[in-house]
>>> print(open('work24.cif').read())   # mmCIF, C-alpha atoms
data_target
loop_
_atom_site.label_atom_id
_atom_site.label_comp_id
_atom_site.auth_asym_id
_atom_site.auth_seq_id
_atom_site.Cartn_x
_atom_site.Cartn_y
_atom_site.Cartn_z
CA MET Y 1 373.03 115.05 206.97
CA SER Y 2 371.64 111.56 206.62
CA ALA Y 3 368.30 112.83 207.92
CA ILE Y 4 368.23 115.44 205.17
CA ARG Y 5 369.06 112.80 202.53
CA ALA Y 6 366.35 110.48 203.81
CA ALA Y 7 363.79 113.27 203.77
CA GLY Y 8 364.84 114.06 200.21
CA ALA Y 9 364.35 110.47 199.13
CA SER Y 10 360.93 110.38 200.72
CA VAL Y 11 359.79 113.58 199.01
CA ARG Y 12 361.24 112.44 195.68
CA LEU Y 13 359.41 109.12 195.93
CA PHE Y 14 356.22 110.86 196.94
CA ALA Y 15 356.44 113.24 193.99
CA SER Y 16 357.28 110.39 191.59
CA LEU Y 17 354.34 108.27 192.72
CA LEU Y 18 351.93 111.20 192.64
CA THR Y 19 353.10 112.01 189.11
CA ALA Y 20 352.61 108.37 188.14
CA ARG Y 21 349.09 108.49 189.55
CA ALA Y 22 348.24 111.65 187.63
CA VAL Y 23 349.69 110.32 184.36
CA PHE Y 24 347.94 106.97 184.77
CA GLY Y 25 344.59 108.73 185.23
CA ALA Y 26 345.18 111.18 182.39
CA TRP Y 27 346.24 108.40 179.99
CA TYR Y 28 343.33 106.17 180.98
CA LEU Y 29 340.87 109.00 180.41
CA ALA Y 30 342.42 110.36 177.21
CA SER Y 31 342.68 106.93 175.59
CA SER Y 32 338.96 106.43 176.16
CA LEU Y 33 337.79 109.93 175.22
CA GLY Y 34 340.08 110.13 172.18
CA ARG Y 35 339.43 106.52 171.12
CA TRP Y 36 343.16 105.91 170.87
CA THR Y 37 344.48 102.79 169.24
CA ILE Y 38 345.05 100.19 171.95
CA PRO Y 39 345.41 96.40 172.06
CA TRP Y 40 341.99 94.68 172.30
CA TYR Y 41 341.71 91.14 173.61
CA TYR Y 42 339.33 88.78 171.79
CA PRO Y 43 338.46 86.14 174.41
CA LEU Y 44 336.71 83.72 172.03
CA ALA Y 45 339.58 83.72 169.53
CA ARG Y 46 342.24 84.24 172.25
CA THR Y 47 343.96 86.84 170.13
CA TRP Y 48 345.01 90.49 170.42
CA ARG Y 49 344.51 93.23 167.85
CA TRP Y 50 345.52 96.90 167.88
CA SER Y 51 342.63 99.17 166.94
CA SER Y 52 340.59 102.11 168.13
CA GLU Y 53 337.32 100.18 167.92
CA PRO Y 54 336.70 96.45 168.43
CA GLU Y 55 335.56 94.19 165.63
CA GLY Y 56 333.06 92.04 167.48
CA PHE Y 57 333.29 90.70 171.02
CA ALA Y 58 336.48 92.10 172.57
CA MET Y 59 337.87 93.53 175.82
CA ASP Y 60 339.73 96.84 176.09
CA TRP Y 61 340.45 96.75 179.84
CA TYR Y 62 343.78 94.89 179.58
CA GLY Y 63 345.22 97.10 176.87
CA ARG Y 64 344.01 100.34 178.38
CA THR Y 65 345.25 99.44 181.88
CA GLY Y 66 348.56 98.02 180.63
CA LEU Y 67 349.43 101.04 178.53
CA ALA Y 68 348.38 103.44 181.29
CA LEU Y 69 350.64 101.53 183.69
CA LEU Y 70 353.49 101.79 181.22
CA ALA Y 71 352.96 105.55 180.86
CA ALA Y 72 352.78 105.89 184.65
CA ALA Y 73 356.01 103.92 185.10
CA PHE Y 74 357.82 106.18 182.60
CA ALA Y 75 356.42 109.27 184.32
CA ALA Y 76 357.51 108.03 187.75
CA GLY Y 77 360.98 107.20 186.45
CA GLY Y 78 361.25 110.57 184.73
CA MET Y 79 360.19 112.44 187.85
CA TRP Y 80 362.60 110.42 190.00
CA LEU Y 81 365.51 111.25 187.69
CA ALA Y 82 364.48 114.89 187.30
CA SER Y 83 364.09 115.31 191.06
CA GLY Y 84 367.77 114.40 191.44
CA ARG Y 85 368.68 117.66 189.70
CA PRO Y 86 369.28 120.60 192.02
CA VAL Y 87 366.67 122.90 190.47
CA VAL Y 88 363.84 120.37 190.66
CA SER Y 89 365.04 119.11 194.03
CA ARG Y 90 364.90 122.62 195.51
CA TRP Y 91 361.42 123.12 194.04
CA LEU Y 92 360.21 119.81 195.50
CA ALA Y 93 361.60 120.73 198.90
CA ARG Y 94 358.77 123.23 199.17
CA PRO Y 95 355.65 121.52 200.55
CA ALA Y 96 353.50 123.57 198.16
CA ALA Y 97 355.13 121.86 195.16
CA VAL Y 98 354.32 118.32 196.28
CA LEU Y 99 350.86 119.41 197.35
CA ALA Y 100 350.31 120.93 193.90
CA ILE Y 101 351.20 117.60 192.24
CA ALA Y 102 348.90 115.81 194.72
CA HIS Y 103 346.04 118.18 193.91
CA ALA Y 104 346.56 117.70 190.16
CA GLY Y 105 346.52 113.92 190.62
CA ALA Y 106 343.39 114.14 192.78
CA MET Y 107 341.63 116.30 190.18
CA VAL Y 108 342.43 113.80 187.42
CA LEU Y 109 341.24 110.97 189.64
CA VAL Y 110 337.92 112.66 190.44
CA VAL Y 111 337.31 113.33 186.73
CA ASP Y 112 338.22 109.69 185.98
CA TYR Y 113 335.83 108.35 188.60
CA LEU Y 114 332.98 110.55 187.37
CA TYR Y 115 333.60 109.90 183.68
CA PHE Y 116 334.03 106.13 183.93
CA GLY Y 117 331.22 105.84 186.46
CA TRP Y 118 328.90 107.57 183.99
CA VAL Y 119 330.12 105.74 180.88
CA MET Y 120 330.07 102.29 182.46
CA MET Y 121 326.55 102.76 183.81
CA HIS Y 122 325.26 103.95 180.42
CA GLN Y 123 326.43 101.15 178.13
CA THR Y 124 324.13 99.49 175.66
CA PRO Y 125 323.69 95.84 176.67
CA ALA Y 126 325.00 93.44 174.04
CA PRO Y 127 324.05 89.89 175.03
CA LEU Y 128 326.02 87.19 173.27
CA PRO Y 129 324.29 84.34 171.46
CA LEU Y 130 323.74 81.38 173.75
CA PRO Y 131 325.90 78.37 172.83
CA SER Y 132 324.05 75.34 171.58
CA PRO Y 133 323.85 72.54 174.18
CA PRO Y 134 326.31 69.63 173.81
CA GLY Y 135 324.97 67.13 171.28
CA GLY Y 136 322.30 69.58 170.22
CA MET Z 137 326.87 76.79 179.62
CA GLY Z 138 327.49 74.17 182.29
CA ALA Z 139 330.77 73.76 184.09
CA ASP Z 140 331.51 70.51 182.29
CA ALA Z 141 330.85 71.84 178.80
CA PRO Z 142 333.93 72.89 176.85
CA SER Z 143 334.54 76.62 176.93
CA PRO Z 144 336.63 78.66 174.51
CA ILE Z 145 337.61 81.04 177.30
CA VAL Z 146 341.15 80.98 178.65
CA LEU Z 147 341.49 79.65 182.24
CA TYR Z 148 337.80 78.76 182.40
CA GLY Z 149 338.81 75.29 183.58
CA VAL Z 150 340.34 76.70 186.77
CA HIS Z 151 337.96 79.60 187.29
CA ARG Z 152 336.61 78.25 190.59
CA VAL Z 153 340.10 78.02 192.07
CA LEU Z 154 340.87 81.52 190.82
CA LEU Z 155 337.59 82.81 192.23
CA LEU Z 156 338.38 81.29 195.62
CA LEU Z 157 341.85 82.88 195.64
CA HIS Z 158 340.38 86.19 194.47
CA ALA Z 159 337.87 86.09 197.32
CA ALA Z 160 340.61 85.28 199.84
CA GLY Z 161 342.71 88.16 198.49
CA SER Z 162 339.73 90.49 198.70
CA LEU Z 163 339.10 89.59 202.34
CA THR Z 164 342.76 90.17 203.20
CA LEU Z 165 342.66 93.45 201.33
CA LEU Z 166 339.48 94.61 203.06
CA PHE Z 167 340.97 93.95 206.45
CA ALA Z 168 344.39 95.43 205.63
CA ALA Z 169 343.03 98.58 203.94
CA THR Z 170 340.63 99.25 206.83
CA ARG Z 171 343.32 98.65 209.43
CA HIS Z 172 345.74 100.92 207.58
CA ALA Z 173 343.22 103.74 207.18
CA VAL Z 174 342.51 103.62 210.92
CA LEU Z 175 346.21 103.65 211.82
CA VAL Z 176 347.01 106.54 209.47
CA ARG Z 177 344.11 108.51 210.89
CA ARG Z 178 346.01 108.54 214.20
CA TYR Z 179 348.80 110.50 212.48
CA LEU Z 180 346.34 113.27 211.70
CA GLY Z 181 345.75 113.60 215.43
CA GLY Z 182 349.50 113.90 216.03
CA ARG Z 183 349.94 110.36 217.42
CA PHE Z 184 352.99 108.65 215.98
CA ASP Z 185 353.39 105.78 218.43
CA ASP Z 186 352.61 102.91 216.05
CA ILE Z 187 354.62 103.67 212.92
CA ALA Z 188 356.08 100.17 212.47
CA ARG Z 189 352.64 98.57 212.49
CA GLU Z 190 351.26 101.18 210.07
CA LYS Z 191 354.09 100.48 207.65
CA LYS Z 192 353.50 96.73 207.90
CA TRP Z 193 349.85 97.23 206.97
CA ALA Z 194 350.75 99.61 204.14
CA LYS Z 195 352.95 96.91 202.59
CA THR Z 196 350.17 94.34 203.14
CA VAL Z 197 347.67 96.62 201.37
CA ALA Z 198 349.98 97.07 198.38
CA THR Z 199 350.78 93.34 198.11
CA ALA Z 200 347.18 92.20 198.60
CA TYR Z 201 345.90 94.82 196.13
CA VAL Z 202 348.31 93.75 193.38
CA GLY Z 203 347.65 90.05 194.03
CA THR Z 204 343.87 90.44 194.07
CA PHE Z 205 344.04 92.68 191.01
CA CYS Z 206 346.05 90.11 189.05
CA LEU Z 207 343.73 87.26 190.07
CA GLY Z 208 340.76 89.39 188.99
CA ALA Z 209 342.47 90.02 185.66
CA LEU Z 210 342.88 86.27 185.14
CA LEU Z 211 339.18 85.73 185.90
CA TYR Z 212 337.98 88.63 183.77
CA PRO Z 213 337.54 86.75 180.43
CA THR Z 214 335.41 84.12 182.19
CA TYR Z 215 333.25 86.83 183.72
CA ARG Z 216 333.08 88.81 180.48
CA TYR Z 217 331.83 85.89 178.42
CA HIS Z 218 330.00 83.49 180.76
CA VAL Z 219 328.53 85.96 183.24
CA ARG Z 220 328.15 89.27 181.46
CA GLY Z 221 327.88 88.19 177.82
CA LEU Z 222 325.57 85.24 178.33
CA TYR Z 223 323.58 86.37 181.36
CA LEU Z 224 323.89 89.90 182.79
CA ASP Z 225 323.59 91.78 179.48
CA ARG Z 226 320.42 89.79 178.81
CA HIS Z 227 318.77 89.80 182.25
CA ALA Z 228 320.44 92.37 184.53
CA PRO Z 229 322.39 94.99 182.54
CA VAL Z 230 322.62 97.38 185.49
CA PHE Z 231 324.85 94.88 187.27
CA ALA Z 232 327.03 94.55 184.16
CA GLY Z 233 327.54 98.32 184.33
CA LEU Z 234 328.29 98.17 188.04
CA PHE Z 235 330.90 95.48 187.46
CA ASP Z 236 332.62 97.62 184.84
CA VAL Z 237 332.63 100.53 187.29
CA LYS Z 238 334.36 98.21 189.77
CA GLU Z 239 336.98 97.18 187.20
CA SER Z 240 337.69 100.77 186.16
CA TYR Z 241 337.93 102.01 189.74
CA ALA Z 242 340.22 99.11 190.65
CA SER Z 243 342.54 100.08 187.78
CA LEU Z 244 342.42 103.79 188.61
CA THR Z 245 343.33 103.12 192.24
CA LEU Z 246 346.06 100.56 191.56
CA VAL Z 247 348.88 103.11 191.47
CA VAL Z 248 347.68 104.67 194.74
CA ALA Z 249 347.69 101.27 196.49
CA VAL Z 250 351.18 100.48 195.19
CA ALA Z 251 352.29 103.95 196.30
CA LEU Z 252 351.20 103.22 199.88
CA GLY Z 253 353.51 100.21 199.98
CA ALA Z 254 356.41 102.07 198.37
CA LEU Z 255 356.05 105.08 200.66
CA ALA Z 256 356.13 102.78 203.68
CA LEU Z 257 359.80 102.23 202.82
CA THR Z 258 360.84 105.88 203.07
CA LEU Z 259 358.16 108.04 204.69
CA ARG Z 260 358.89 109.25 208.21
CA PRO Z 261 355.51 110.60 209.29
CA ALA Z 262 356.68 112.15 212.57
CA GLU Z 263 359.38 114.22 210.81
CA GLU Z 264 357.58 114.86 207.50
CA ARG Z 265 354.20 115.84 208.89
CA TRP Z 266 353.29 117.99 205.93
CA LEU Z 267 353.12 114.83 203.78
CA VAL Z 268 350.80 113.06 206.20
CA PRO Z 269 347.47 114.56 205.00
CA VAL Z 270 348.18 113.43 201.42
CA TYR Z 271 349.24 109.99 202.67
CA ALA Z 272 346.08 109.75 204.79
CA ALA Z 273 343.91 110.77 201.83
CA MET Z 274 345.55 108.04 199.72
CA SER Z 275 344.91 105.45 202.42
CA ALA Z 276 341.28 106.51 202.82
CA LEU Z 277 340.77 106.43 199.05
CA VAL Z 278 342.17 102.90 198.72
CA CYS Z 279 340.02 101.75 201.64
CA ALA Z 280 336.87 103.29 200.13
CA VAL Z 281 337.49 101.80 196.67
CA VAL Z 282 338.26 98.37 198.13
CA TRP Z 283 334.98 98.38 200.07
CA LEU Z 284 333.04 99.62 197.03
CA ASP Z 285 334.62 97.00 194.75
CA ALA Z 286 334.02 94.18 197.24
CA SER Z 287 330.38 95.22 197.64
CA ILE Z 288 329.83 95.32 193.87
CA GLY Z 289 331.63 91.99 193.49
CA ILE Z 290 329.33 90.37 196.04
CA LEU Z 291 326.26 91.88 194.34
CA VAL Z 292 327.30 90.52 190.96
CA VAL Z 293 327.98 87.06 192.39
CA VAL Z 294 324.53 87.10 194.02
CA VAL Z 295 322.79 88.22 190.81
CA GLY Z 296 324.75 86.50 188.07
CA GLY Z 297 327.38 84.34 189.72
CA ILE Z 298 330.66 83.29 188.23
CA GLY Z 299 331.04 79.87 189.90
#
>>> encode(input="work24.cif", output="structure tokens")
Amino acid sequence: MSAIRAAGASVRLFASLLTARAVFGAWYLASSLGRWTIPWYYPLARTWRWSSEPEGFAMDWYGRTGLALLAAAFAAGGMWLASGRPVVSRWLARPAAVLAIAHAGAMVLVVDYLYFGWVMMHQTPAPLPLPSPPGG
Amino acid sequence: MGADAPSPIVLYGVHRVLLLLHAAGSLTLLFAATRHAVLVRRYLGGRFDDIAREKKWAKTVATAYVGTFCLGALLYPTYRYHVRGLYLDRHAPVFAGLFDVKESYASLTLVVAVALGALALTLRPAEERWLVPVYAAMSALVCAVVWLDASIGILVVVVGGIG
């Protein structure tokens, strides 16, 4: 009996983490494609501002990653709770179900890699003005 | 901007210490991710004689990945302004793009690396063999991204530097 429970916990955790992975990738991609409002960090002013586009020199990586992590954590928690229900638990007991979630996550990941690989390598360079030397 | 000149960037004053720790974390991660991928590959051949060691390395990968990721996040404003903004975008924009690829891939793979460590707590590879191919794919993916990111990181340090 304990072996069955342990196997259940393992499959539930696997499914939860795979769901988190898929949601993280989907959120990361959608927030970029859809130009969602996210927190931008302004390193020179050391401030944060919510917007869909930056106003000047700003970084989106923190906000995009942080919110995607939050969405992934909620998704993992939701899947963990849902997988405790008999219907979902029985569905997840079938290897095909977990493999389907894994394939969905892998698909999202491949699209993410291709999209961000392309976008990041095709940015317009925006050099910042050089600071004036001390005393100059 | 010289190291002694005042910088408006947060944590710029300790960026060399952070860079050293980030490099140490990266080396640990490279070794752990490679070791783990090799050990998990044995499962695919039906050999389950070293499960305890595999789980130890899985936890090391997850811990080292999160640590290195956080240290990189702390260094990122320094890189973004002093390296990319003032130098790479002006003289070597291809490397600025490569660095952003590295940052995006590191983020996209974070959950997978954490998952390896979490699954080490519950997965019983000898009994749950149908999960092993997915687990092995995750391990191989983390290993590949870690090597790619480390290679890009070294390239950017060589071209633009951060120290």
>>> residues_around(input="work24.cif", residues="Tyr241 in chain Z", least_positions_apart="6", cutoff="12 Å", atoms="only C-alpha atoms", output="ChimeraX atom specification")
/Y:25,28,61,65,109-117,120 /Z:205,234-235,247-249,277-278,280-286,288
>>> resolve_selection(input="work24.cif", expression="the PyMOL selection byres ((chain Z) within 7 of (chain Y))", output="VMD selection string")
chain Z and resid 144 to 145 213 221 to 222 225 to 226 229 to 230 233 to 234 236 to 237 240 to 241 243 to 244 247 to 248 251 255 258 to 259 266
>>> atom_distance(input="work24.cif", atom1="CA of Val197 in chain Z", atom2="CA of Thr164 in chain Z")
8.3 Å
>>> atom_distance(input="work24.cif", atom1="CA of Gly77 in chain Y", atom2="CA of Val270 in chain Z")
20.7 Å
>>> atom_distance(input="work24.cif", atom1="CA of Ala97 in chain Y", atom2="CA of Leu252 in chain Z")
19.6 Å
>>> axis_aligned_box(input="work24.cif", around="range 36-48 of chain Y", padding_each_side="8 Å", output="JSON")
{"center_x": 341.1, "center_y": 94.8, "center_z": 171.8, "size_x": 24.7, "size_y": 38.2, "size_z": 21.2}
>>> residues_around(input="work24.cif", residues="Ala194 in chain Z", least_positions_apart="2", cutoff="10 Å", atoms="all atoms listed in the file", output="PyMOL selection string")
chain Z and resi 168-169+171-173+175-176+188-192+196-200+249-257+275
>>> resolve_selection(input="work24.cif", expression="the PyMOL selection byres ((chain Z and resi 215) around 12)", output="VMD selection string")
(chain Y and resid 43 59) or (chain Z and resid 145 to 148 151 to 152 154 to 155 208 to 214 216 to 225 232 235 to 236 239 289 292 to 293 296 to 299)
>>> residues_near_point(input="work24.cif", point="(349.2, 110.2, 206.9)", cutoff="8 Å", atoms="all atoms listed in the file", output="PyMOL selection string")
chain Z and resi 176-177+179-180+261+265+267-273+275
>>> decode(input="work24.cif", residues="range 12-26 of chain Y", atoms="all heavy atoms", output="compact mmCIF listing (two decimals), in the first residue's frame")
# COMPACT_ATOMS: atom_id res chain seq x y z
N ARG Y 12 2.32 12.54 -9.11
CA ARG Y 12 1.68 13.85 -8.88
C ARG Y 12 2.71 14.97 -8.95
O ARG Y 12 2.46 16.02 -9.55
CB ARG Y 12 1.00 13.87 -7.50
CG ARG Y 12 -0.29 13.09 -7.45
CD ARG Y 12 -0.85 13.11 -6.05
NE ARG Y 12 -1.32 14.44 -5.66
CZ ARG Y 12 -1.66 14.77 -4.41
NH1 ARG Y 12 -1.56 13.88 -3.45
NH2 ARG Y 12 -2.09 15.98 -4.14
N LEU Y 13 3.87 14.74 -8.34
CA LEU Y 13 4.92 15.76 -8.36
C LEU Y 13 5.44 15.97 -9.79
O LEU Y 13 5.63 17.11 -10.23
CB LEU Y 13 6.08 15.33 -7.44
CG LEU Y 13 7.20 16.37 -7.26
CD1 LEU Y 13 6.66 17.63 -6.60
CD2 LEU Y 13 8.34 15.80 -6.42
N PHE Y 14 5.61 14.87 -10.48
CA PHE Y 14 6.06 14.94 -11.87
C PHE Y 14 5.09 15.77 -12.70
O PHE Y 14 5.48 16.70 -13.42
CB PHE Y 14 6.15 13.52 -12.45
CG PHE Y 14 7.35 13.28 -13.30
CD1 PHE Y 14 8.36 12.43 -12.90
CD2 PHE Y 14 7.49 13.90 -14.53
CE1 PHE Y 14 9.48 12.20 -13.67
CE2 PHE Y 14 8.60 13.69 -15.31
CZ PHE Y 14 9.60 12.83 -14.89
N ALA Y 15 3.80 15.45 -12.57
CA ALA Y 15 2.78 16.16 -13.35
C ALA Y 15 2.74 17.64 -12.97
O ALA Y 15 2.60 18.52 -13.83
CB ALA Y 15 1.42 15.51 -13.13
N SER Y 16 2.87 17.92 -11.66
CA SER Y 16 2.83 19.31 -11.20
C SER Y 16 4.00 20.12 -11.76
O SER Y 16 3.84 21.25 -12.23
CB SER Y 16 2.87 19.37 -9.67
OG SER Y 16 1.79 18.66 -9.13
N LEU Y 17 5.19 19.51 -11.72
CA LEU Y 17 6.38 20.22 -12.21
C LEU Y 17 6.35 20.39 -13.73
O LEU Y 17 6.78 21.42 -14.26
CB LEU Y 17 7.64 19.48 -11.77
CG LEU Y 17 7.89 19.52 -10.26
CD1 LEU Y 17 8.99 18.54 -9.85
CD2 LEU Y 17 8.26 20.93 -9.81
N LEU Y 18 5.84 19.38 -14.42
CA LEU Y 18 5.74 19.50 -15.88
C LEU Y 18 4.72 20.58 -16.26
O LEU Y 18 4.91 21.34 -17.22
CB LEU Y 18 5.33 18.16 -16.50
CG LEU Y 18 6.41 17.06 -16.47
CD1 LEU Y 18 5.83 15.73 -16.93
CD2 LEU Y 18 7.60 17.45 -17.35
N THR Y 19 3.64 20.66 -15.48
CA THR Y 19 2.64 21.71 -15.72
C THR Y 19 3.26 23.08 -15.45
O THR Y 19 3.06 24.03 -16.23
CB THR Y 19 1.42 21.51 -14.80
OG1 THR Y 19 0.91 20.19 -15.01
CG2 THR Y 19 0.32 22.51 -15.09
N ALA Y 20 4.01 23.17 -14.37
CA ALA Y 20 4.70 24.44 -14.05
C ALA Y 20 5.61 24.85 -15.18
O ALA Y 20 5.65 26.01 -15.59
CB ALA Y 20 5.49 24.29 -12.75
N ARG Y 21 6.33 23.90 -15.70
CA ARG Y 21 7.27 24.17 -16.81
C ARG Y 21 6.51 24.69 -18.04
O ARG Y 21 6.92 25.67 -18.67
CB ARG Y 21 8.01 22.86 -17.09
CG ARG Y 21 9.02 22.64 -18.14
CD ARG Y 21 9.93 23.67 -18.53
NE ARG Y 21 9.36 24.32 -19.71
CZ ARG Y 21 9.61 25.54 -20.08
NH1 ARG Y 21 10.41 26.28 -19.39
NH2 ARG Y 21 9.06 26.05 -21.14
N ALA Y 22 5.40 24.03 -18.35
CA ALA Y 22 4.63 24.44 -19.53
C ALA Y 22 4.04 25.84 -19.33
O ALA Y 22 4.09 26.68 -20.24
CB ALA Y 22 3.51 23.42 -19.79
N VAL Y 23 3.51 26.09 -18.12
CA VAL Y 23 2.90 27.41 -17.85
C VAL Y 23 3.97 28.50 -17.84
O VAL Y 23 3.75 29.60 -18.38
CB VAL Y 23 2.11 27.37 -16.51
CG1 VAL Y 23 1.71 28.77 -16.07
CG2 VAL Y 23 0.87 26.49 -16.67
N PHE Y 24 5.11 28.20 -17.26
CA PHE Y 24 6.21 29.19 -17.25
C PHE Y 24 6.54 29.59 -18.69
O PHE Y 24 6.61 30.78 -19.01
CB PHE Y 24 7.45 28.59 -16.58
CG PHE Y 24 8.60 29.57 -16.48
CD1 PHE Y 24 8.81 30.28 -15.31
CD2 PHE Y 24 9.46 29.79 -17.55
CE1 PHE Y 24 9.87 31.19 -15.22
CE2 PHE Y 24 10.50 30.70 -17.47
CZ PHE Y 24 10.70 31.40 -16.29
N GLY Y 25 6.75 28.58 -19.54
CA GLY Y 25 7.11 28.86 -20.94
C GLY Y 25 6.03 29.61 -21.68
O GLY Y 25 6.32 30.53 -22.45
N ALA Y 26 4.78 29.20 -21.45
CA ALA Y 26 3.66 29.85 -22.15
C ALA Y 26 3.53 31.31 -21.71
O ALA Y 26 3.31 32.22 -22.52
CB ALA Y 26 2.37 29.09 -21.88
